[in-house]
>>> print(open('coords07.csv').read())   # CSV, C-alpha atoms
chain,number,residue,atom,x,y,z
A,221,MET,CA,0.0,0.0,0.0
A,222,GLN,CA,1.3,3.4,-0.9
A,223,LEU,CA,1.8,5.8,2.0
A,224,ALA,CA,-0.1,8.4,0.1
A,225,ALA,CA,-3.3,6.4,0.6
A,226,LEU,CA,-2.8,6.8,4.4
A,227,LEU,CA,-2.3,10.5,4.0
A,228,ALA,CA,-5.3,11.2,1.9
A,229,ALA,CA,-6.3,14.1,4.2
A,230,TYR,CA,-3.1,16.0,3.4
A,231,ARG,CA,-2.3,18.0,0.3
A,232,PRO,CA,1.0,19.0,-1.2
A,233,SER,CA,2.3,22.3,0.1
A,234,CYS,CA,5.1,24.5,-1.3
A,235,SER,CA,7.6,25.4,1.5
A,236,PRO,CA,9.5,28.6,2.0
A,237,TRP,CA,12.6,26.5,2.1
A,238,CYS,CA,12.6,26.1,-1.7
A,239,SER,CA,15.3,28.7,-2.5
A,240,GLY,CA,19.0,28.7,-2.0
A,241,ARG,CA,22.0,26.8,-3.5
A,242,PRO,CA,22.1,23.1,-2.8
A,243,ILE,CA,25.1,21.8,-0.8
A,244,PHE,CA,26.0,18.2,-1.2
A,245,ALA,CA,26.8,16.0,1.8
A,246,ARG,CA,28.6,12.8,0.6
A,247,GLY,CA,29.5,9.9,2.7
A,248,THR,CA,32.9,9.8,4.3
A,249,SER,CA,35.6,7.2,3.6
A,250,GLN,CA,33.8,5.1,6.2
A,251,ASN,CA,30.6,5.5,4.2
A,252,PHE,CA,28.7,7.5,6.9
A,253,PHE,CA,26.7,10.7,6.5
A,254,GLY,CA,27.2,13.2,9.3
A,255,THR,CA,24.5,15.9,9.5
A,256,THR,CA,22.8,18.3,11.9
A,257,VAL,CA,19.0,18.4,11.7
A,258,ASP,CA,16.8,21.3,12.7
A,259,LEU,CA,13.6,19.7,14.0
A,260,GLY,CA,11.7,22.9,13.5
A,261,ASP,CA,8.9,24.4,15.6
A,262,GLY,CA,11.5,25.5,18.1
A,263,SER,CA,12.3,21.8,19.0
A,264,GLY,CA,16.1,22.1,18.7
A,265,PHE,CA,18.8,20.4,16.7
A,266,VAL,CA,20.0,16.8,16.4
A,267,ASP,CA,23.5,15.7,15.4
A,268,CYS,CA,23.4,12.3,13.8
A,269,GLU,CA,25.4,9.9,11.7
A,270,LEU,CA,23.8,7.5,9.2
A,271,PRO,CA,25.5,4.7,7.4
A,272,ALA,CA,25.3,5.0,3.6
A,273,LEU,CA,23.1,2.4,2.0
A,274,PHE,CA,24.7,2.8,-1.5
A,275,THR,CA,28.2,3.2,-2.8
A,276,ARG,CA,27.4,6.5,-4.5
A,277,SER,CA,24.7,8.6,-2.9
A,278,VAL,CA,23.8,11.9,-1.2
A,279,LEU,CA,21.7,12.7,1.8
A,280,LEU,CA,18.8,15.1,1.2
A,281,THR,CA,17.1,17.1,3.9
A,282,VAL,CA,13.5,17.9,2.9
A,283,ARG,CA,11.3,20.3,4.9
A,284,TYR,CA,7.6,20.8,4.2
A,285,GLN,CA,5.0,22.9,5.9
A,286,LEU,CA,1.9,20.8,6.9
A,287,PRO,CA,-0.2,19.6,5.3
A,288,PHE,CA,1.9,17.4,3.0
A,289,SER,CA,1.6,14.4,0.8
A,290,LEU,CA,4.2,11.6,0.1
A,291,GLU,CA,4.0,8.9,-2.5
A,292,ALA,CA,6.2,6.1,-1.1
A,293,ALA,CA,6.0,2.3,-0.5
A,294,PRO,CA,8.0,-0.3,1.4
A,295,MET,CA,10.6,-2.1,-0.8
A,296,GLN,CA,13.4,-4.4,0.2
A,297,GLY,CA,13.1,-3.3,3.9
A,298,VAL,CA,13.1,0.4,3.3
A,299,LEU,CA,10.6,3.1,2.3
A,300,LYS,CA,11.2,4.3,-1.2
A,301,VAL,CA,9.6,7.2,-3.1
A,302,THR,CA,7.4,5.8,-5.9
A,303,THR,CA,6.2,9.1,-7.6
A,304,PRO,CA,8.5,12.0,-8.3
A,305,GLY,CA,7.5,15.5,-7.2
A,306,ASN,CA,8.2,18.3,-4.7
A,307,GLY,CA,12.0,17.8,-5.2
A,308,LEU,CA,12.0,14.0,-4.7
A,309,GLN,CA,12.8,11.4,-7.2
A,310,VAL,CA,11.7,7.7,-7.6
A,311,GLY,CA,14.0,5.5,-5.6
A,312,ASP,CA,14.9,8.1,-2.9
A,313,VAL,CA,15.0,6.2,0.4
A,314,LEU,CA,13.6,7.6,3.6
A,315,ARG,CA,16.2,7.5,6.3
A,316,ALA,CA,14.7,9.6,9.1
A,317,CYS,CA,11.9,12.1,9.8
A,318,SER,CA,10.8,14.4,12.6
A,319,THR,CA,7.8,13.2,14.6
A,320,LEU,CA,6.2,13.6,18.0
A,321,GLU,CA,7.7,11.6,20.9
A,322,LEU,CA,4.2,10.8,22.2
A,323,ARG,CA,2.3,9.3,19.3
A,324,TYR,CA,-0.2,6.6,18.4
A,325,ASP,CA,1.2,3.0,18.3
A,326,SER,CA,-0.8,0.9,15.9
A,327,ALA,CA,0.5,-2.4,17.3
A,328,ARG,CA,-0.5,-1.4,20.9
A,329,GLN,CA,-3.5,0.6,19.7
A,330,ARG,CA,-2.8,3.4,22.1
A,331,MET,CA,-0.8,6.6,22.6
A,332,CYS,CA,2.7,5.9,24.0
A,333,TYR,CA,6.3,7.3,23.9
A,334,GLY,CA,8.0,6.1,20.7
A,335,ALA,CA,11.7,6.0,19.6
A,336,GLY,CA,13.5,9.1,18.6
A,337,ILE,CA,16.3,11.5,19.3
A,338,ARG,CA,15.4,14.7,21.2
A,339,GLY,CA,16.7,18.0,19.9
A,340,GLN,CA,19.1,20.1,21.8
A,341,PRO,CA,19.2,23.9,21.9
A,342,PRO,CA,22.2,25.8,20.5
A,343,PRO,CA,25.1,26.0,23.0
A,344,SER,CA,24.4,29.6,23.7
A,345,GLU,CA,20.9,28.8,24.8
A,346,GLN,CA,22.0,25.9,26.9
A,347,VAL,CA,24.4,28.2,28.8
A,348,ALA,CA,21.7,31.0,29.1
A,349,SER,CA,19.1,28.6,30.5
A,350,THR,CA,18.5,29.0,34.2
A,351,GLU,CA,15.5,26.7,34.6
A,352,SER,CA,15.8,24.5,37.6
A,353,SER,CA,16.0,20.8,37.3
A,354,TRP,CA,12.8,20.1,39.2
A,355,MET,CA,10.9,22.5,37.0
A,356,GLY,CA,12.2,20.7,33.9
A,357,ARG,CA,11.0,17.4,35.4
A,358,MET,CA,7.6,18.8,36.1
A,359,ARG,CA,7.2,20.0,32.5
A,360,ILE,CA,8.2,16.6,31.1
A,361,GLU,CA,5.9,14.7,33.5
A,362,TYR,CA,2.8,16.9,32.7
A,363,SER,CA,3.4,17.5,29.0
A,364,TRP,CA,1.9,14.1,28.1
A,365,ILE,CA,-1.1,14.7,30.3
A,366,SER,CA,-1.7,18.0,28.6
A,367,GLU,CA,-1.8,16.3,25.2
A,368,LEU,CA,-4.6,14.0,26.5
A,369,GLY,CA,-6.7,17.0,27.6
A,370,GLY,CA,-6.0,17.0,31.3
A,371,PHE,CA,-4.1,20.3,31.3
A,372,ARG,CA,-3.7,23.3,29.1
A,373,GLN,CA,-2.3,22.3,25.7
A,374,THR,CA,1.4,22.9,25.2
A,375,ARG,CA,3.6,22.3,22.2
A,376,PRO,CA,4.5,18.5,22.2
A,377,THR,CA,8.1,17.3,22.1
A,378,LYS,CA,9.5,16.5,18.7
A,379,VAL,CA,12.2,14.0,18.0
A,380,LEU,CA,14.2,12.7,15.0
A,381,PHE,CA,13.0,9.2,14.2
A,382,LEU,CA,15.5,6.9,12.4
A,383,THR,CA,13.8,4.5,10.0
A,384,ASP,CA,16.6,2.0,9.6
A,385,GLY,CA,15.4,-1.5,10.5
A,386,LYS,CA,11.9,-0.4,11.6
A,387,PRO,CA,8.8,-2.2,10.4
A,388,HIS,CA,6.7,-0.2,7.9
A,389,GLN,CA,3.8,0.3,10.2
A,390,VAL,CA,6.1,1.8,12.8
A,391,VAL,CA,7.5,4.2,10.2
A,392,ASN,CA,4.0,5.1,9.1
A,393,ASP,CA,2.9,5.8,12.6
A,394,ALA,CA,5.9,8.2,13.0
A,395,LEU,CA,5.0,10.0,9.7
A,396,ILE,CA,1.3,10.5,10.3
A,397,ALA,CA,1.8,11.7,13.9
A,398,ASN,CA,2.8,15.0,12.3
A,399,THR,CA,-0.6,16.9,12.4
A,400,ILE,CA,-1.5,20.6,12.6
A,401,ASP,CA,-4.1,19.9,15.4
A,402,ARG,CA,-1.2,18.7,17.7
A,403,GLY,CA,0.8,21.9,17.2
A,404,VAL,CA,3.1,20.7,14.4
A,405,GLU,CA,3.8,23.2,11.7
A,406,SER,CA,6.4,21.4,9.6
A,407,ILE,CA,8.0,18.0,9.0
A,408,VAL,CA,11.7,17.4,8.1
A,409,MET,CA,12.7,14.2,6.4
A,410,LEU,CA,16.1,12.8,5.4
A,411,PHE,CA,16.3,10.9,2.1
A,412,GLU,CA,19.3,9.0,0.6
A,413,ARG,CA,19.5,9.4,-3.1
A,414,PRO,CA,21.5,6.7,-4.9
A,415,ASN,CA,23.5,7.1,-8.2
A,416,LEU,CA,24.1,10.8,-8.2
A,417,VAL,CA,25.9,10.7,-11.5
A,418,GLY,CA,23.6,12.1,-14.2
A,419,SER,CA,20.9,13.1,-11.8
A,420,THR,CA,19.8,16.6,-10.8
A,421,VAL,CA,18.6,18.1,-7.5
A,422,ASP,CA,15.4,20.2,-7.6
A,423,THR,CA,15.5,23.1,-5.1
A,424,CYS,CA,11.8,23.7,-5.3
A,425,GLY,CA,9.1,22.1,-3.2
A,426,GLY,CA,10.9,22.6,0.0
A,427,LEU,CA,14.1,20.6,-0.8
A,428,TYR,CA,17.5,21.6,0.3
A,429,VAL,CA,20.6,19.4,0.6
A,430,THR,CA,22.9,19.5,3.6
>>> encode(input="coords07.csv", output="C-alpha cells")
Amino acid sequence: MQLAALLAAYRPSCSPWCSGRPIFARGTSQNFFGTTVDLGDGSGFVDCELPALFTRSVLLTVRYQLPFSLEAAPMQGVLKVTTPGNGLQVGDVLRACSTLELRYDSARQRMCYGAGIRGQPPPSEQVASTESSWMGRMRIEYSWISELGGFRQTRPTKVLFLTDGKPHQVVNDALIANTIDRGVESIVMLFERPNLVGSTVDTCGGLYVT
C-alpha cells in the first residue's frame, strides 16, 4: 500500500525552504553521513550519523509545511519514493523524519512514547538557560497529560525518528503523527538518493541538501 493512501487528508504544500544553492553531503571514507538536523517548531537540533546504503549517494534534507503528501512504498526493507515531485525522485530512500515523541502506536492501539532522538538547543541557549532541574521534570511529566486533555495544551516534544530496521507500520505511525491539530507546523525528512551521476537536484518544493 502506498503511503499516500494513508495521508489522503493531506495535500502538497510548497515550502518557504525552496530557495538557495544546494550543498551536497557525501558519505565519508567510512561511508557515513554526518549531519545536523533542525527539527523545526523550536524543537532544537539533532547531530546524527547515518551509514550510507549505497556506494554512491547523497543525503537530502527535505522540509515541508503541513499539510503534505508523500508517495512512497516499502521495498526491500526500506521506504522508497514511488512518484517524483516536490523535489523528490523515484528511488529516494527515507532514512529519518521528525515526529512527536508521544504518538499513536498501531500495534499497541494506544498513545505511547516512541523511539526518537530529542533535539538540543544551540550551545548559547544551553548556557543561558536558568531553569531549575525540578521545573524541567515537572514540565516533562505533565506534557503528556496536557496532550490527553488533562491540562492546558502545550507544544508537544518533537524527536528525530530513524527508520533503519523499523517495520513499515512503525515508520508510518511516525510520519502520520505530524498533524497541525497537535501543534506541528512542519516536518523534516532525510532521504538518501543513490546514483548521483547524471541526476539533478530540484531546489523547489521545500528541498535543500545539507
>>> atom_distance(input="coords07.csv", atom1="CA of Lys300 (chain A)", atom2="CA of Arg413 (chain A)")
9.9 Å
>>> closest_residue(input="coords07.csv", among="A:Gly307, A:Pro342, A:Gly336, A:Gly403", to="Thr281 (chain A)", atoms="all atoms listed in the file")
A:Gly307
>>> atom_distance(input="coords07.csv", atom1="CA of Phe253 (chain A)", atom2="CA of Thr383 (chain A)")
14.7 Å
>>> atom_distance(input="coords07.csv", atom1="CA of Leu270 (chain A)", atom2="CA of Phe411 (chain A)")
10.9 Å
>>> closest_atom_pairs(input="coords07.csv", of="region 375-425 of chain A", to="region 320-329 of chain A", cutoff="12 Å", atoms="only C-alpha atoms", output="Markdown table")
| residue | atom | partner | partner_atom | distance |
| --- | --- | --- | --- | --- |
| A:Arg375 | CA | A:Leu320 | CA | 10.0 |
| A:Pro376 | CA | A:Leu320 | CA | 6.7 |
| A:Thr377 | CA | A:Glu321 | CA | 5.8 |
| A:Lys378 | CA | A:Leu320 | CA | 4.4 |
| A:Val379 | CA | A:Glu321 | CA | 5.9 |
| A:Leu380 | CA | A:Leu320 | CA | 8.6 |
| A:Phe381 | CA | A:Glu321 | CA | 8.9 |
| A:Pro387 | CA | A:Ala327 | CA | 10.8 |
| A:His388 | CA | A:Ser326 | CA | 11.0 |
| A:Gln389 | CA | A:Ser326 | CA | 7.3 |
| A:Val390 | CA | A:Asp325 | CA | 7.5 |
| A:Val391 | CA | A:Asp325 | CA | 10.3 |
| A:Asn392 | CA | A:Ser326 | CA | 9.3 |
| A:Asp393 | CA | A:Asp325 | CA | 6.6 |
| A:Ala394 | CA | A:Arg323 | CA | 7.3 |
| A:Leu395 | CA | A:Leu320 | CA | 9.1 |
| A:Ile396 | CA | A:Tyr324 | CA | 9.1 |
| A:Ala397 | CA | A:Arg323 | CA | 5.9 |
| A:Asn398 | CA | A:Leu320 | CA | 6.8 |
| A:Thr399 | CA | A:Leu320 | CA | 9.4 |
| A:Ile400 | CA | A:Leu320 | CA | 11.7 |
| A:Arg402 | CA | A:Leu320 | CA | 9.0 |
| A:Gly403 | CA | A:Leu320 | CA | 9.9 |
| A:Val404 | CA | A:Leu320 | CA | 8.5 |
| A:Glu405 | CA | A:Leu320 | CA | 11.7 |
| A:Ser406 | CA | A:Leu320 | CA | 11.5 |
| A:Ile407 | CA | A:Leu320 | CA | 10.2 |
| A:Val408 | CA | A:Leu320 | CA | 11.9 |
>>> closest_residue(input="coords07.csv", among="A:Leu286, A:Val257, A:Cys317, A:Ala335", to="Leu299 (chain A)", atoms="all atoms listed in the file")
A:Cys317
>>> closest_residue(input="coords07.csv", among="A:Gly311, A:Gly385, A:Pro341, A:Gly334", to="Asn415 (chain A)", atoms="all atoms listed in the file")
A:Gly311
>>> decode(input="coords07.csv", residues="region 323-335 of chain A", atoms="all heavy atoms", output="PDB file, in the first residue's frame")
ATOM      1  N   ARG A 323       3.097   9.494  20.521  1.00  0.00           N
ATOM      2  CA  ARG A 323       2.324   9.281  19.302  1.00  0.00           C
ATOM      3  C   ARG A 323       1.573   7.952  19.375  1.00  0.00           C
ATOM      4  O   ARG A 323       1.851   7.113  20.229  1.00  0.00           O
ATOM      5  CB  ARG A 323       3.230   9.310  18.062  1.00  0.00           C
ATOM      6  CG  ARG A 323       4.392   8.327  18.109  1.00  0.00           C
ATOM      7  CD  ARG A 323       5.317   8.541  16.928  1.00  0.00           C
ATOM      8  NE  ARG A 323       6.412   7.579  16.861  1.00  0.00           N
ATOM      9  CZ  ARG A 323       7.618   7.774  17.397  1.00  0.00           C
ATOM     10  NH1 ARG A 323       7.872   8.894  18.053  1.00  0.00           N
ATOM     11  NH2 ARG A 323       8.566   6.846  17.278  1.00  0.00           N
ATOM     12  N   TYR A 324       0.637   7.795  18.440  1.00  0.00           N
ATOM     13  CA  TYR A 324      -0.183   6.580  18.427  1.00  0.00           C
ATOM     14  C   TYR A 324       0.635   5.401  17.924  1.00  0.00           C
ATOM     15  O   TYR A 324       1.341   5.493  16.913  1.00  0.00           O
ATOM     16  CB  TYR A 324      -1.399   6.782  17.536  1.00  0.00           C
ATOM     17  CG  TYR A 324      -2.358   5.617  17.559  1.00  0.00           C
ATOM     18  CD1 TYR A 324      -3.190   5.399  18.659  1.00  0.00           C
ATOM     19  CD2 TYR A 324      -2.422   4.733  16.493  1.00  0.00           C
ATOM     20  CE1 TYR A 324      -4.073   4.323  18.681  1.00  0.00           C
ATOM     21  CE2 TYR A 324      -3.294   3.656  16.515  1.00  0.00           C
ATOM     22  CZ  TYR A 324      -4.117   3.458  17.602  1.00  0.00           C
ATOM     23  OH  TYR A 324      -4.972   2.393  17.634  1.00  0.00           O
ATOM     24  N   ASP A 325       0.533   4.279  18.629  1.00  0.00           N
ATOM     25  CA  ASP A 325       1.208   3.037  18.258  1.00  0.00           C
ATOM     26  C   ASP A 325       0.145   2.073  17.738  1.00  0.00           C
ATOM     27  O   ASP A 325      -0.709   1.624  18.503  1.00  0.00           O
ATOM     28  CB  ASP A 325       1.932   2.446  19.479  1.00  0.00           C
ATOM     29  CG  ASP A 325       2.789   1.240  19.125  1.00  0.00           C
ATOM     30  OD1 ASP A 325       2.298   0.334  18.413  1.00  0.00           O
ATOM     31  OD2 ASP A 325       3.948   1.194  19.567  1.00  0.00           O
ATOM     32  N   SER A 326       0.198   1.770  16.453  1.00  0.00           N
ATOM     33  CA  SER A 326      -0.827   0.911  15.852  1.00  0.00           C
ATOM     34  C   SER A 326      -0.806  -0.501  16.423  1.00  0.00           C
ATOM     35  O   SER A 326      -1.854  -1.133  16.561  1.00  0.00           O
ATOM     36  CB  SER A 326      -0.632   0.854  14.327  1.00  0.00           C
ATOM     37  OG  SER A 326      -0.817   2.123  13.745  1.00  0.00           O
ATOM     38  N   ALA A 327       0.375  -1.020  16.754  1.00  0.00           N
ATOM     39  CA  ALA A 327       0.469  -2.377  17.286  1.00  0.00           C
ATOM     40  C   ALA A 327      -0.162  -2.456  18.675  1.00  0.00           C
ATOM     41  O   ALA A 327      -0.871  -3.410  18.992  1.00  0.00           O
ATOM     42  CB  ALA A 327       1.928  -2.822  17.331  1.00  0.00           C
ATOM     43  N   ARG A 328       0.088  -1.439  19.511  1.00  0.00           N
ATOM     44  CA  ARG A 328      -0.464  -1.430  20.858  1.00  0.00           C
ATOM     45  C   ARG A 328      -1.858  -0.807  20.911  1.00  0.00           C
ATOM     46  O   ARG A 328      -2.539  -0.911  21.920  1.00  0.00           O
ATOM     47  CB  ARG A 328       0.470  -0.661  21.797  1.00  0.00           C
ATOM     48  CG  ARG A 328       1.868  -1.256  21.891  1.00  0.00           C
ATOM     49  CD  ARG A 328       2.740  -0.428  22.824  1.00  0.00           C
ATOM     50  NE  ARG A 328       4.095  -0.955  22.904  1.00  0.00           N
ATOM     51  CZ  ARG A 328       5.056  -0.408  23.643  1.00  0.00           C
ATOM     52  NH1 ARG A 328       4.802   0.680  24.355  1.00  0.00           N
ATOM     53  NH2 ARG A 328       6.259  -0.941  23.661  1.00  0.00           N
ATOM     54  N   GLN A 329      -2.208  -0.117  19.854  1.00  0.00           N
ATOM     55  CA  GLN A 329      -3.507   0.555  19.742  1.00  0.00           C
ATOM     56  C   GLN A 329      -3.724   1.560  20.869  1.00  0.00           C
ATOM     57  O   GLN A 329      -4.806   1.630  21.460  1.00  0.00           O
ATOM     58  CB  GLN A 329      -4.642  -0.478  19.712  1.00  0.00           C
ATOM     59  CG  GLN A 329      -4.580  -1.389  18.512  1.00  0.00           C
ATOM     60  CD  GLN A 329      -5.775  -2.320  18.421  1.00  0.00           C
ATOM     61  OE1 GLN A 329      -6.521  -2.519  19.379  1.00  0.00           O
ATOM     62  NE2 GLN A 329      -5.991  -2.885  17.239  1.00  0.00           N
ATOM     63  N   ARG A 330      -2.700   2.341  21.133  1.00  0.00           N
ATOM     64  CA  ARG A 330      -2.805   3.391  22.149  1.00  0.00           C
ATOM     65  C   ARG A 330      -1.676   4.399  21.961  1.00  0.00           C
ATOM     66  O   ARG A 330      -0.700   4.139  21.238  1.00  0.00           O
ATOM     67  CB  ARG A 330      -2.743   2.804  23.553  1.00  0.00           C
ATOM     68  CG  ARG A 330      -1.437   2.085  23.896  1.00  0.00           C
ATOM     69  CD  ARG A 330      -1.491   1.506  25.290  1.00  0.00           C
ATOM     70  NE  ARG A 330      -0.315   0.720  25.632  1.00  0.00           N
ATOM     71  CZ  ARG A 330       0.793   1.228  26.161  1.00  0.00           C
ATOM     72  NH1 ARG A 330       0.895   2.537  26.371  1.00  0.00           N
ATOM     73  NH2 ARG A 330       1.812   0.452  26.476  1.00  0.00           N
ATOM     74  N   MET A 331      -1.820   5.551  22.618  1.00  0.00           N
ATOM     75  CA  MET A 331      -0.773   6.554  22.612  1.00  0.00           C
ATOM     76  C   MET A 331       0.338   6.125  23.563  1.00  0.00           C
ATOM     77  O   MET A 331       0.075   5.661  24.672  1.00  0.00           O
ATOM     78  CB  MET A 331      -1.324   7.907  23.073  1.00  0.00           C
ATOM     79  CG  MET A 331      -2.397   8.486  22.164  1.00  0.00           C
ATOM     80  SD  MET A 331      -1.729   9.155  20.616  1.00  0.00           S
ATOM     81  CE  MET A 331      -0.945  10.651  21.224  1.00  0.00           C
ATOM     82  N   CYS A 332       1.584   6.259  23.119  1.00  0.00           N
ATOM     83  CA  CYS A 332       2.716   5.929  23.980  1.00  0.00           C
ATOM     84  C   CYS A 332       3.968   6.628  23.461  1.00  0.00           C
ATOM     85  O   CYS A 332       3.984   7.152  22.344  1.00  0.00           O
ATOM     86  CB  CYS A 332       2.940   4.417  24.055  1.00  0.00           C
ATOM     87  SG  CYS A 332       3.238   3.639  22.467  1.00  0.00           S
ATOM     88  N   TYR A 333       5.003   6.649  24.285  1.00  0.00           N
ATOM     89  CA  TYR A 333       6.258   7.263  23.873  1.00  0.00           C
ATOM     90  C   TYR A 333       6.969   6.348  22.883  1.00  0.00           C
ATOM     91  O   TYR A 333       7.155   5.165  23.136  1.00  0.00           O
ATOM     92  CB  TYR A 333       7.150   7.525  25.089  1.00  0.00           C
ATOM     93  CG  TYR A 333       6.705   8.715  25.909  1.00  0.00           C
ATOM     94  CD1 TYR A 333       6.021   8.530  27.115  1.00  0.00           C
ATOM     95  CD2 TYR A 333       6.960  10.006  25.483  1.00  0.00           C
ATOM     96  CE1 TYR A 333       5.607   9.616  27.868  1.00  0.00           C
ATOM     97  CE2 TYR A 333       6.545  11.099  26.229  1.00  0.00           C
ATOM     98  CZ  TYR A 333       5.868  10.889  27.420  1.00  0.00           C
ATOM     99  OH  TYR A 333       5.456  11.978  28.148  1.00  0.00           O
ATOM    100  N   GLY A 334       7.377   6.922  21.740  1.00  0.00           N
ATOM    101  CA  GLY A 334       8.048   6.149  20.710  1.00  0.00           C
ATOM    102  C   GLY A 334       9.519   6.497  20.611  1.00  0.00           C
ATOM    103  O   GLY A 334      10.010   7.414  21.273  1.00  0.00           O
ATOM    104  N   ALA A 335      10.231   5.746  19.785  1.00  0.00           N
ATOM    105  CA  ALA A 335      11.663   5.951  19.605  1.00  0.00           C
ATOM    106  C   ALA A 335      11.929   7.280  18.913  1.00  0.00           C
ATOM    107  O   ALA A 335      11.120   7.771  18.126  1.00  0.00           O
ATOM    108  CB  ALA A 335      12.246   4.799  18.785  1.00  0.00           C
TER     109      ALA A 335
END
